[in-house]
$ cat structure_7.tsv   # TSV, C-alpha atoms
chain	number	residue	atom	x	y	z
S	934	MET	CA	175.01	77.61	-10.92
S	935	THR	CA	177.14	80.33	-9.48
S	936	THR	CA	177.05	81.56	-5.87
S	937	THR	CA	175.48	84.78	-7.02
S	938	GLU	CA	172.70	82.89	-8.81
S	939	ILE	CA	172.10	80.71	-5.74
S	940	ASP	CA	171.92	83.77	-3.47
S	941	SER	CA	169.47	85.39	-5.87
S	942	LEU	CA	167.30	82.24	-5.96
S	943	VAL	CA	167.29	81.99	-2.15
S	944	SER	CA	166.39	85.65	-1.91
S	945	ASP	CA	163.49	85.20	-4.34
S	946	VAL	CA	162.24	82.14	-2.43
S	947	ALA	CA	162.45	84.06	0.84
S	948	VAL	CA	160.46	86.93	-0.64
S	949	ASP	CA	157.83	84.54	-2.00
S	950	PHE	CA	157.59	82.74	1.35
S	951	ALA	CA	157.22	86.02	3.22
S	952	GLU	CA	154.39	87.01	0.89
S	953	GLU	CA	152.70	83.64	1.37
S	954	MET	CA	153.02	83.95	5.15
S	955	SER	CA	151.57	87.45	5.03
S	956	LEU	CA	148.59	86.21	3.01
S	957	ALA	CA	148.18	83.24	5.35
S	958	ASP	CA	148.35	85.52	8.40
S	959	ASN	CA	145.63	87.75	6.96
S	960	LEU	CA	143.48	84.70	6.22
S	961	LEU	CA	144.00	83.37	9.74
S	962	ARG	CA	143.03	86.78	11.14
S	963	GLU	CA	139.84	86.78	9.03
S	964	ILE	CA	138.85	83.29	10.23
S	965	ALA	CA	139.59	84.12	13.89
S	966	SER	CA	137.73	87.45	13.68
S	967	GLU	CA	134.67	85.65	12.35
S	968	ASN	CA	135.00	83.06	15.14
S	969	ARG	CA	134.70	80.08	12.82
S	970	GLN	CA	136.58	77.03	11.59
S	971	ALA	CA	138.64	77.07	8.40
S	972	THR	CA	136.70	75.92	5.33
S	973	TYR	CA	137.82	73.03	3.15
S	974	ALA	CA	139.07	75.45	0.48
S	975	GLU	CA	141.10	77.34	3.10
S	976	LEU	CA	142.59	74.10	4.42
S	977	VAL	CA	143.60	73.18	0.87
S	978	TYR	CA	145.22	76.60	0.47
S	979	PHE	CA	147.25	76.21	3.65
S	980	GLN	CA	148.35	72.71	2.62
S	981	LYS	CA	149.30	73.67	-0.93
S	982	HIS	CA	151.11	76.93	-0.25
S	983	LEU	CA	152.56	76.37	3.23
S	984	GLY	CA	152.48	72.62	3.75
S	985	TRP	CA	150.28	72.90	6.85
S	986	ASP	CA	148.20	69.86	7.80
S	987	VAL	CA	145.02	70.18	9.89
S	988	ARG	CA	146.96	69.98	13.16
S	989	GLU	CA	149.23	72.84	12.13
S	990	VAL	CA	146.29	74.92	10.95
S	991	ASN	CA	144.64	74.45	14.37
S	992	SER	CA	147.89	75.46	16.07
S	993	GLN	CA	148.13	78.58	13.91
S	994	MET	CA	144.49	79.41	14.67
S	995	ARG	CA	145.19	79.25	18.41
S	996	ARG	CA	148.14	81.57	17.88
S	997	MET	CA	146.00	84.04	15.93
S	998	ASN	CA	143.23	83.94	18.53
S	999	ASN	CA	145.82	84.89	21.15
S	1000	VAL	CA	147.12	87.65	18.88
S	1001	LEU	CA	143.64	89.16	18.57
S	1002	ARG	CA	142.99	88.82	22.31
S	1003	PHE	CA	146.23	90.53	23.31
S	1004	GLN	CA	145.81	93.22	20.65
S	1005	ALA	CA	142.39	94.06	22.10
S	1006	ILE	CA	143.98	94.41	25.55
S	1007	ALA	CA	147.05	96.29	24.35
S	1008	GLY	CA	145.13	98.78	22.24
S	1009	SER	CA	146.81	101.16	19.83
S	1010	PRO	CA	150.09	102.99	20.58
S	1011	SER	CA	148.09	106.15	21.26
S	1012	ASP	CA	145.84	104.19	23.64
S	1013	ARG	CA	148.89	102.97	25.54
S	1014	GLU	CA	150.39	106.43	25.73
S	1015	ALA	CA	147.10	107.79	27.09
S	1016	SER	CA	146.97	105.00	29.69
S	1017	LYS	CA	150.53	105.75	30.82
S	1018	ALA	CA	149.72	109.45	31.16
S	1019	GLU	CA	146.58	108.64	33.15
S	1020	ALA	CA	148.53	106.27	35.44
S	1021	ILE	CA	151.15	108.97	36.12
S	1022	THR	CA	148.46	111.53	36.91
S	1023	SER	CA	146.61	109.08	39.17
S	1024	ALA	CA	149.81	108.22	41.02
S	1025	LYS	CA	150.55	111.92	41.66
S	1026	ILE	CA	147.01	112.53	42.93
S	1027	MET	CA	147.27	109.44	45.12
S	1028	GLU	CA	150.59	110.64	46.54
S	1029	THR	CA	149.12	114.05	47.39
S	1030	GLU	CA	145.65	113.10	48.58
S	1031	SER	CA	146.28	109.77	50.29
S	1032	PRO	CA	147.82	111.21	53.51
S	1033	LYS	CA	144.94	113.70	53.82
S	1034	LEU	CA	142.33	110.98	53.36
S	1035	GLN	CA	144.13	108.66	55.77
S	1036	THR	CA	144.05	111.38	58.42
S	1037	LYS	CA	140.31	111.87	57.88
S	1038	ILE	CA	139.72	108.12	58.02
S	1039	GLU	CA	141.56	107.89	61.34
S	1040	GLU	CA	139.54	110.81	62.73
S	1041	LEU	CA	136.26	109.25	61.61
S	1042	GLN	CA	137.30	105.85	62.97
S	1043	THR	CA	138.02	107.47	66.34
S	1044	LYS	CA	134.57	109.09	66.34
S	1045	LEU	CA	132.92	105.82	65.31
S	1046	SER	CA	134.71	103.91	68.07
S	1047	ALA	CA	133.56	106.52	70.61
S	1048	LEU	CA	129.95	106.27	69.39
S	1049	GLU	CA	130.06	102.48	69.54
S	1050	ARG	CA	131.50	102.60	73.06
S	1051	ASP	CA	128.83	105.06	74.25
S	1052	ALA	CA	126.05	102.98	72.70
S	1053	ARG	CA	127.44	99.80	74.24
S	1054	LEU	CA	127.75	101.35	77.71
S	1055	SER	CA	124.27	102.91	77.49
S	1056	SER	CA	122.73	99.60	76.47
S	1057	LYS	CA	124.55	97.78	79.25
S	1058	ARG	CA	123.37	100.39	81.79
S	1059	VAL	CA	119.75	99.94	80.68
S	1060	GLU	CA	120.08	96.14	80.90
S	1061	GLU	CA	121.54	96.37	84.41
S	1062	GLN	CA	118.80	98.76	85.51
S	1063	SER	CA	116.07	96.52	84.08
S	1064	ALA	CA	117.58	93.49	85.81
S	1065	ALA	CA	117.75	95.43	89.10
S	1066	VAL	CA	114.08	96.46	88.77
S	1067	ASP	CA	113.09	92.82	88.12
S	1068	ASN	CA	114.98	91.74	91.23
S	1069	LEU	CA	113.40	94.53	93.32
S	1070	ARG	CA	109.94	93.44	92.17
S	1071	LYS	CA	110.72	89.90	93.32
S	1072	LEU	CA	111.80	91.25	96.72
S	1073	CYS	CA	108.63	93.26	97.41
S	1074	PRO	CA	106.80	92.54	100.70
S	1075	LEU	CA	104.95	89.21	100.86
S	1076	HIS	CA	101.50	90.72	101.32
S	1077	ILE	CA	101.95	92.77	98.12
S	1078	ALA	CA	103.18	89.79	96.11
S	1079	THR	CA	100.21	87.73	97.31
S	1080	SER	CA	97.74	90.46	96.40
S	1081	VAL	CA	99.26	90.86	92.94
S	1082	ARG	CA	99.19	87.10	92.34
S	1083	HIS	CA	95.50	87.06	93.18
S	1084	ALA	CA	94.74	90.03	90.90
S	1085	VAL	CA	96.69	88.55	88.00
S	1086	GLY	CA	94.96	85.19	88.48
S	1087	THR	CA	91.56	86.90	88.31
S	1088	ILE	CA	92.53	88.66	85.06
S	1089	GLU	CA	93.88	85.45	83.51
S	1090	ALA	CA	90.69	83.61	84.42
S	1091	SER	CA	88.57	86.19	82.61
S	1092	ILE	CA	90.00	88.24	79.75
S	1093	GLY	CA	93.17	86.14	79.77
S	1094	ARG	CA	91.11	83.04	79.03
S	1095	GLN	CA	89.34	84.88	76.22
S	1096	VAL	CA	92.68	85.82	74.66
S	1097	HIS	CA	94.05	82.29	75.06
S	1098	ASP	CA	90.95	80.65	73.57
S	1099	GLY	CA	90.86	83.19	70.75
S	1100	GLU	CA	94.52	82.63	69.89
S	1101	SER	CA	94.03	78.85	69.91
S	1102	ARG	CA	91.07	79.17	67.54
S	1103	GLU	CA	93.05	81.60	65.37
S	1104	GLN	CA	95.88	79.09	65.03
S	1105	GLU	CA	93.43	76.28	64.26
S	1106	LEU	CA	91.77	78.29	61.48
S	1107	GLU	CA	95.13	79.34	60.03
S	1108	CYS	CA	96.19	75.68	59.90
S	1109	CYS	CA	92.98	74.79	58.06
S	1110	LEU	CA	93.79	77.34	55.37
S	1111	ASP	CA	97.51	76.59	55.03
S	1112	ARG	CA	98.28	73.24	53.38
S	1113	SER	CA	102.03	74.06	53.33
S	1114	ARG	CA	102.27	73.45	57.10
S	1115	TYR	CA	101.80	69.71	56.59
S	1116	ALA	CA	104.12	67.10	55.14
S	1117	SER	CA	101.42	65.38	53.10
S	1118	ASP	CA	97.84	65.74	51.89
S	1119	GLU	CA	96.87	62.86	54.18
S	1120	SER	CA	98.04	64.63	57.36
S	1121	TYR	CA	96.45	67.90	56.22
S	1122	HIS	CA	93.10	66.21	55.50
S	1123	GLU	CA	93.19	64.42	58.88
S	1124	MET	CA	93.65	67.74	60.69
S	1125	LEU	CA	90.98	69.46	58.59
S	1126	ARG	CA	88.48	66.64	59.23
S	1127	ARG	CA	88.91	67.02	63.00
S	1128	SER	CA	88.10	70.73	62.81
S	1129	PHE	CA	85.52	70.64	60.00
S	1130	PRO	CA	84.23	67.10	59.29
S	1131	GLY	CA	82.16	68.26	56.33
S	1132	ALA	CA	85.26	69.60	54.56
S	1133	VAL	CA	86.68	66.13	53.92
S	1134	SER	CA	85.30	63.13	52.05
S	1135	ILE	CA	86.23	59.57	53.01
S	1136	ASN	CA	86.53	57.02	50.20
S	1137	ASN	CA	87.57	53.37	50.27
S	1138	GLU	CA	89.76	52.21	47.42
S	1139	ASN	CA	90.69	48.53	47.53
S	1140	ARG	CA	89.91	48.53	51.26
S	1141	ILE	CA	92.25	51.47	51.79
S	1142	ARG	CA	90.76	54.63	53.27
S	1143	LYS	CA	91.41	57.73	51.16
S	1144	LEU	CA	90.69	61.28	52.31
S	1145	SER	CA	90.04	64.15	49.92
S	1146	LEU	CA	88.49	67.61	50.00
S	1147	SER	CA	84.71	67.39	49.80
S	1148	PRO	CA	82.46	69.31	47.39
S	1149	GLU	CA	81.47	71.47	50.38
S	1150	TRP	CA	85.09	72.58	50.98
S	1151	PRO	CA	84.92	75.85	48.95
S	1152	SER	CA	81.97	77.18	50.97
S	1153	ILE	CA	83.51	75.94	54.25
S	1154	LYS	CA	86.79	77.61	53.33
S	1155	ALA	CA	85.00	80.90	52.67
S	1156	ALA	CA	83.30	80.67	56.08
S	1157	ILE	CA	86.66	79.96	57.76
S	1158	GLU	CA	88.17	83.05	56.14
S	1159	VAL	CA	85.26	85.19	57.38
S	1160	GLU	CA	85.55	83.77	60.90
S	1161	LEU	CA	89.32	84.26	60.95
S	1162	ALA	CA	89.06	87.90	59.84
S	1163	GLY	CA	86.48	88.61	62.55
S	1164	LEU	CA	88.52	86.79	65.17
S	1165	ARG	CA	91.64	88.80	64.38
S	1166	SER	CA	89.65	92.03	64.68
S	1167	GLU	CA	88.39	90.94	68.11
S	1168	LEU	CA	91.77	89.74	69.36
S	1169	ALA	CA	93.69	92.94	68.67
S	1170	PRO	CA	91.86	95.11	71.28
S	1171	LEU	CA	91.57	92.13	73.68
S	1172	ARG	CA	95.36	91.60	73.66
S	1173	LYS	CA	95.92	95.31	74.29
S	1174	GLN	CA	93.37	95.39	77.12
S	1175	HIS	CA	94.82	92.22	78.65
S	1176	ALA	CA	98.37	93.64	78.61
S	1177	GLU	CA	97.21	96.93	80.17
S	1178	MET	CA	95.28	95.13	82.91
S	1179	ILE	CA	98.25	92.90	83.79
S	1180	ALA	CA	100.60	95.91	83.85
S	1181	HIS	CA	98.20	97.76	86.17
S	1182	ALA	CA	97.76	94.74	88.45
S	1183	GLU	CA	101.55	94.27	88.75
S	1184	LYS	CA	102.26	97.93	89.54
S	1185	PRO	CA	102.42	97.33	93.32
S	1186	LEU	CA	105.41	95.00	92.70
S	1187	SER	CA	107.45	98.16	92.12
S	1188	PHE	CA	107.29	98.89	95.86
S	1189	TYR	CA	111.08	99.24	96.08
S	1190	ALA	CA	111.61	100.48	92.53
$ encode --input "structure_7.tsv" --output "structure tokens"
Amino acid sequence: MTTTEIDSLVSDVAVDFAEEMSLADNLLREIASENRQATYAELVYFQKHLGWDVREVNSQMRRMNNVLRFQAIAGSPSDREASKAEAITSAKIMETESPKLQTKIEELQTKLSALERDARLSSKRVEEQSAAVDNLRKLCPLHIATSVRHAVGTIEASIGRQVHDGESREQELECCLDRSRYASDESYHEMLRRSFPGAVSINNENRIRKLSLSPEWPSIKAAIEVELAGLRSELAPLRKQHAEMIAHAEKPLSFYA
């Protein structure tokens, strides 16, 4: 065989191989686009025409998956040209507008710092004044302090006691209605039995005492809810009246303020 014939044969083989590779590339693209594994028939095709075993097919599939991923990012030539033009425009706008915006930011930051300083100083002044008033009240003449103590004690013994007792009962009733405040059913039932004995049944199982909600619990619960609602309605004006009476009784303490 002459050199010319050999060159011709090599050229033909190269052309055939290029065509096979093109077909294989298109098939790989199809498989990757469909996000699937190569079928048995496709594996046979790759083996017969390109000599690829399963490992090589998997390697080629990874390559094609990367090709598709990077093509999606790269976009078309026109997409890339548009992106470059947009980047140039954005850079020019940034170059022009950035100094202006930076100046505005600095001005606003200066104003914000001034506002924060004024607020901080005002708050500190109020705190100092309040502390001074408290100290002046403590330094009022002895006869005034004694009189105020007596007046406050009288209030606490009357309406103050009502508020205290009402708040204690309010907390007790809230606990009876809120199982989530207790670590276990046993501790909840123990508390509930102390406040409302009829709400809890006591059973002995194998000489072990077991507590559970009684059949009367639903009606007892309804009564608790009614009592609690009424108690809250009573406490609101009592708390207000109590606070007003204490404030009035302590007014003389401001003798120096």
$ residues_around --input "structure_7.tsv" --residues "S:His1097" --least-positions-apart "5" --cutoff "10 Å" --atoms "only C-alpha atoms" --output "list in words"
Glu1089, Ile1092, Arg1102, Glu1103, Leu1168 and Arg1172 of chain S
$ residues_around --input "structure_7.tsv" --residues "S:Glu975" --least-positions-apart "3" --cutoff "10 Å" --atoms "all atoms listed in the file" --output "ChimeraX atom specification"
/S:957,960-961,964,970-972,978-981,990
$ axis_aligned_box --input "structure_7.tsv" --around "stretch 1066-1072 of chain S" --padding-each-side "3 Å" --output "JSON"
{"center_x": 112.5, "center_y": 93.2, "center_z": 92.4, "size_x": 11.0, "size_y": 12.6, "size_z": 14.6}
$ atom_distance --input "structure_7.tsv" --atom1 "atom CA of S:Glu1105" --atom2 "atom CA of S:Ser1128"
7.8 Å
$ atom_distance --input "structure_7.tsv" --atom1 "atom CA of S:Tyr973" --atom2 "atom CA of S:Met994"
14.8 Å
$ residues_near_point --input "structure_7.tsv" --point "(91.4, 86.7, 64.7)" --cutoff "10 Å" --atoms "all atoms listed in the file" --output "MDAnalysis selection string"
chainID S and resid 1099:1104 1106:1107 1158:1169
$ write_last_selection --input "structure_7.tsv" --atoms "C-alpha atoms" --output "mmCIF file, keeping the file's coordinate frame"
data_model
loop_
_atom_site.group_PDB
_atom_site.id
_atom_site.type_symbol
_atom_site.label_atom_id
_atom_site.label_comp_id
_atom_site.auth_asym_id
_atom_site.auth_seq_id
_atom_site.Cartn_x
_atom_site.Cartn_y
_atom_site.Cartn_z
ATOM 1 C CA GLY S 1099 90.860 83.190 70.750
ATOM 2 C CA GLU S 1100 94.520 82.630 69.890
ATOM 3 C CA SER S 1101 94.030 78.850 69.910
ATOM 4 C CA ARG S 1102 91.070 79.170 67.540
ATOM 5 C CA GLU S 1103 93.050 81.600 65.370
ATOM 6 C CA GLN S 1104 95.880 79.090 65.030
ATOM 7 C CA LEU S 1106 91.770 78.290 61.480
ATOM 8 C CA GLU S 1107 95.130 79.340 60.030
ATOM 9 C CA GLU S 1158 88.170 83.050 56.140
ATOM 10 C CA VAL S 1159 85.260 85.190 57.380
ATOM 11 C CA GLU S 1160 85.550 83.770 60.900
ATOM 12 C CA LEU S 1161 89.320 84.260 60.950
ATOM 13 C CA ALA S 1162 89.060 87.900 59.840
ATOM 14 C CA GLY S 1163 86.480 88.610 62.550
ATOM 15 C CA LEU S 1164 88.520 86.790 65.170
ATOM 16 C CA ARG S 1165 91.640 88.800 64.380
ATOM 17 C CA SER S 1166 89.650 92.030 64.680
ATOM 18 C CA GLU S 1167 88.390 90.940 68.110
ATOM 19 C CA LEU S 1168 91.770 89.740 69.360
ATOM 20 C CA ALA S 1169 93.690 92.940 68.670
#
$ atom_distance --input "structure_7.tsv" --atom1 "atom CA of S:Ser1117" --atom2 "atom CA of S:Arg1142"
15.1 Å
$ closest_residue --input "structure_7.tsv" --among "S:Ser966, S:Ser1187, S:Ser1011, S:Thr1029" --to "S:Asn998" --atoms "all atoms listed in the file"
S:Ser966
$ residues_around --input "structure_7.tsv" --residues "S:Phe1129" --least-positions-apart "3" --cutoff "12 Å" --atoms "only C-alpha atoms" --output "list in words"
Glu1105, Leu1106, Cys1108, Cys1109, Leu1110, Tyr1121, His1122, Glu1123, Met1124, Leu1125, Arg1126, Ala1132, Val1133, Ser1134, Leu1146, Ser1147, Glu1149, Trp1150, Ser1152, Ile1153, Lys1154, Ala1156 and Ile1157 of chain S
$ residues_near_point --input "structure_7.tsv" --point "(146.2, 87.6, 13.2)" --cutoff "12 Å" --atoms "only C-alpha atoms" --output "VMD selection string"
chain S and resid 954 to 967 993 to 1005
$ closest_atom_pairs --input "structure_7.tsv" --of "stretch 1155-1186 of chain S" --to "stretch 1066-1079 of chain S" --cutoff "10 Å" --atoms "all atoms listed in the file" --output "JSON lines"
{"residue": "S:Glu1183", "atom": "CA", "partner": "S:Ala1078", "partner_atom": "CA", "distance": 8.8}
{"residue": "S:Lys1184", "atom": "CA", "partner": "S:Arg1070", "partner_atom": "CA", "distance": 9.3}
{"residue": "S:Pro1185", "atom": "CA", "partner": "S:Ile1077", "partner_atom": "CA", "distance": 6.6}
{"residue": "S:Leu1186", "atom": "CA", "partner": "S:Arg1070", "partner_atom": "CA", "distance": 4.8}
$ closest_residue --input "structure_7.tsv" --among "S:Lys1173, S:Ala1116, S:Glu953, S:Gly1131" --to "S:Pro1151" --atoms "all atoms listed in the file"
S:Gly1131
$ build_atoms --input "structure_7.tsv" --residues "stretch 1123-1147 of chain S" --atoms "N, CA and C atoms" --output "PDB file, in the coordinates of the input"
ATOM      1  N   GLU S1123      93.529  64.925  57.548  1.00  0.00           N
ATOM      2  CA  GLU S1123      93.190  64.420  58.880  1.00  0.00           C
ATOM      3  C   GLU S1123      92.932  65.578  59.838  1.00  0.00           C
ATOM      4  N   MET S1124      93.826  66.575  59.820  1.00  0.00           N
ATOM      5  CA  MET S1124      93.650  67.740  60.690  1.00  0.00           C
ATOM      6  C   MET S1124      92.374  68.475  60.330  1.00  0.00           C
ATOM      7  N   LEU S1125      92.147  68.704  59.047  1.00  0.00           N
ATOM      8  CA  LEU S1125      90.980  69.460  58.590  1.00  0.00           C
ATOM      9  C   LEU S1125      89.691  68.750  58.973  1.00  0.00           C
ATOM     10  N   ARG S1126      89.683  67.410  58.902  1.00  0.00           N
ATOM     11  CA  ARG S1126      88.480  66.640  59.230  1.00  0.00           C
ATOM     12  C   ARG S1126      88.136  66.759  60.714  1.00  0.00           C
ATOM     13  N   ARG S1127      89.168  66.868  61.565  1.00  0.00           N
ATOM     14  CA  ARG S1127      88.910  67.020  63.000  1.00  0.00           C
ATOM     15  C   ARG S1127      88.249  68.363  63.304  1.00  0.00           C
ATOM     16  N   SER S1128      88.671  69.402  62.574  1.00  0.00           N
ATOM     17  CA  SER S1128      88.100  70.730  62.810  1.00  0.00           C
ATOM     18  C   SER S1128      86.789  70.945  62.072  1.00  0.00           C
ATOM     19  N   PHE S1129      86.716  70.452  60.833  1.00  0.00           N
ATOM     20  CA  PHE S1129      85.520  70.640  60.000  1.00  0.00           C
ATOM     21  C   PHE S1129      85.226  69.317  59.259  1.00  0.00           C
ATOM     22  N   PRO S1130      84.487  68.425  59.894  1.00  0.00           N
ATOM     23  CA  PRO S1130      84.230  67.100  59.290  1.00  0.00           C
ATOM     24  C   PRO S1130      83.650  67.172  57.882  1.00  0.00           C
ATOM     25  N   GLY S1131      82.792  68.159  57.639  1.00  0.00           N
ATOM     26  CA  GLY S1131      82.160  68.260  56.330  1.00  0.00           C
ATOM     27  C   GLY S1131      83.110  68.681  55.216  1.00  0.00           C
ATOM     28  N   ALA S1132      84.315  69.120  55.571  1.00  0.00           N
ATOM     29  CA  ALA S1132      85.260  69.600  54.560  1.00  0.00           C
ATOM     30  C   ALA S1132      86.007  68.461  53.877  1.00  0.00           C
ATOM     31  N   VAL S1133      85.897  67.254  54.431  1.00  0.00           N
ATOM     32  CA  VAL S1133      86.680  66.130  53.920  1.00  0.00           C
ATOM     33  C   VAL S1133      85.776  64.940  53.596  1.00  0.00           C
ATOM     34  N   SER S1134      86.021  64.341  52.446  1.00  0.00           N
ATOM     35  CA  SER S1134      85.300  63.130  52.050  1.00  0.00           C
ATOM     36  C   SER S1134      86.168  61.916  52.323  1.00  0.00           C
ATOM     37  N   ILE S1135      85.515  60.814  52.743  1.00  0.00           N
ATOM     38  CA  ILE S1135      86.230  59.570  53.010  1.00  0.00           C
ATOM     39  C   ILE S1135      85.820  58.545  51.964  1.00  0.00           C
ATOM     40  N   ASN S1136      86.783  58.021  51.238  1.00  0.00           N
ATOM     41  CA  ASN S1136      86.530  57.020  50.200  1.00  0.00           C
ATOM     42  C   ASN S1136      87.369  55.787  50.490  1.00  0.00           C
ATOM     43  N   ASN S1137      86.844  54.628  50.114  1.00  0.00           N
ATOM     44  CA  ASN S1137      87.570  53.370  50.270  1.00  0.00           C
ATOM     45  C   ASN S1137      87.958  52.842  48.894  1.00  0.00           C
ATOM     46  N   GLU S1138      89.243  52.734  48.680  1.00  0.00           N
ATOM     47  CA  GLU S1138      89.760  52.210  47.420  1.00  0.00           C
ATOM     48  C   GLU S1138      90.579  50.958  47.718  1.00  0.00           C
ATOM     49  N   ASN S1139      90.023  49.811  47.261  1.00  0.00           N
ATOM     50  CA  ASN S1139      90.690  48.530  47.530  1.00  0.00           C
ATOM     51  C   ASN S1139      90.939  48.346  49.025  1.00  0.00           C
ATOM     52  N   ARG S1140      89.884  48.671  49.813  1.00  0.00           N
ATOM     53  CA  ARG S1140      89.910  48.530  51.260  1.00  0.00           C
ATOM     54  C   ARG S1140      90.896  49.469  51.946  1.00  0.00           C
ATOM     55  N   ILE S1141      91.351  50.463  51.217  1.00  0.00           N
ATOM     56  CA  ILE S1141      92.250  51.470  51.790  1.00  0.00           C
ATOM     57  C   ILE S1141      91.492  52.794  51.877  1.00  0.00           C
ATOM     58  N   ARG S1142      91.482  53.376  53.081  1.00  0.00           N
ATOM     59  CA  ARG S1142      90.760  54.630  53.270  1.00  0.00           C
ATOM     60  C   ARG S1142      91.524  55.788  52.629  1.00  0.00           C
ATOM     61  N   LYS S1143      90.822  56.571  51.823  1.00  0.00           N
ATOM     62  CA  LYS S1143      91.410  57.730  51.160  1.00  0.00           C
ATOM     63  C   LYS S1143      90.625  58.978  51.547  1.00  0.00           C
ATOM     64  N   LEU S1144      91.334  60.006  51.961  1.00  0.00           N
ATOM     65  CA  LEU S1144      90.690  61.280  52.310  1.00  0.00           C
ATOM     66  C   LEU S1144      90.926  62.290  51.203  1.00  0.00           C
ATOM     67  N   SER S1145      89.913  63.091  50.924  1.00  0.00           N
ATOM     68  CA  SER S1145      90.040  64.150  49.920  1.00  0.00           C
ATOM     69  C   SER S1145      89.108  65.293  50.301  1.00  0.00           C
ATOM     70  N   LEU S1146      89.356  66.470  49.733  1.00  0.00           N
ATOM     71  CA  LEU S1146      88.490  67.610  50.000  1.00  0.00           C
ATOM     72  C   LEU S1146      87.104  67.343  49.438  1.00  0.00           C
ATOM     73  N   SER S1147      86.091  67.658  50.217  1.00  0.00           N
ATOM     74  CA  SER S1147      84.710  67.390  49.800  1.00  0.00           C
ATOM     75  C   SER S1147      84.188  68.491  48.888  1.00  0.00           C
TER      76      SER S1147
END
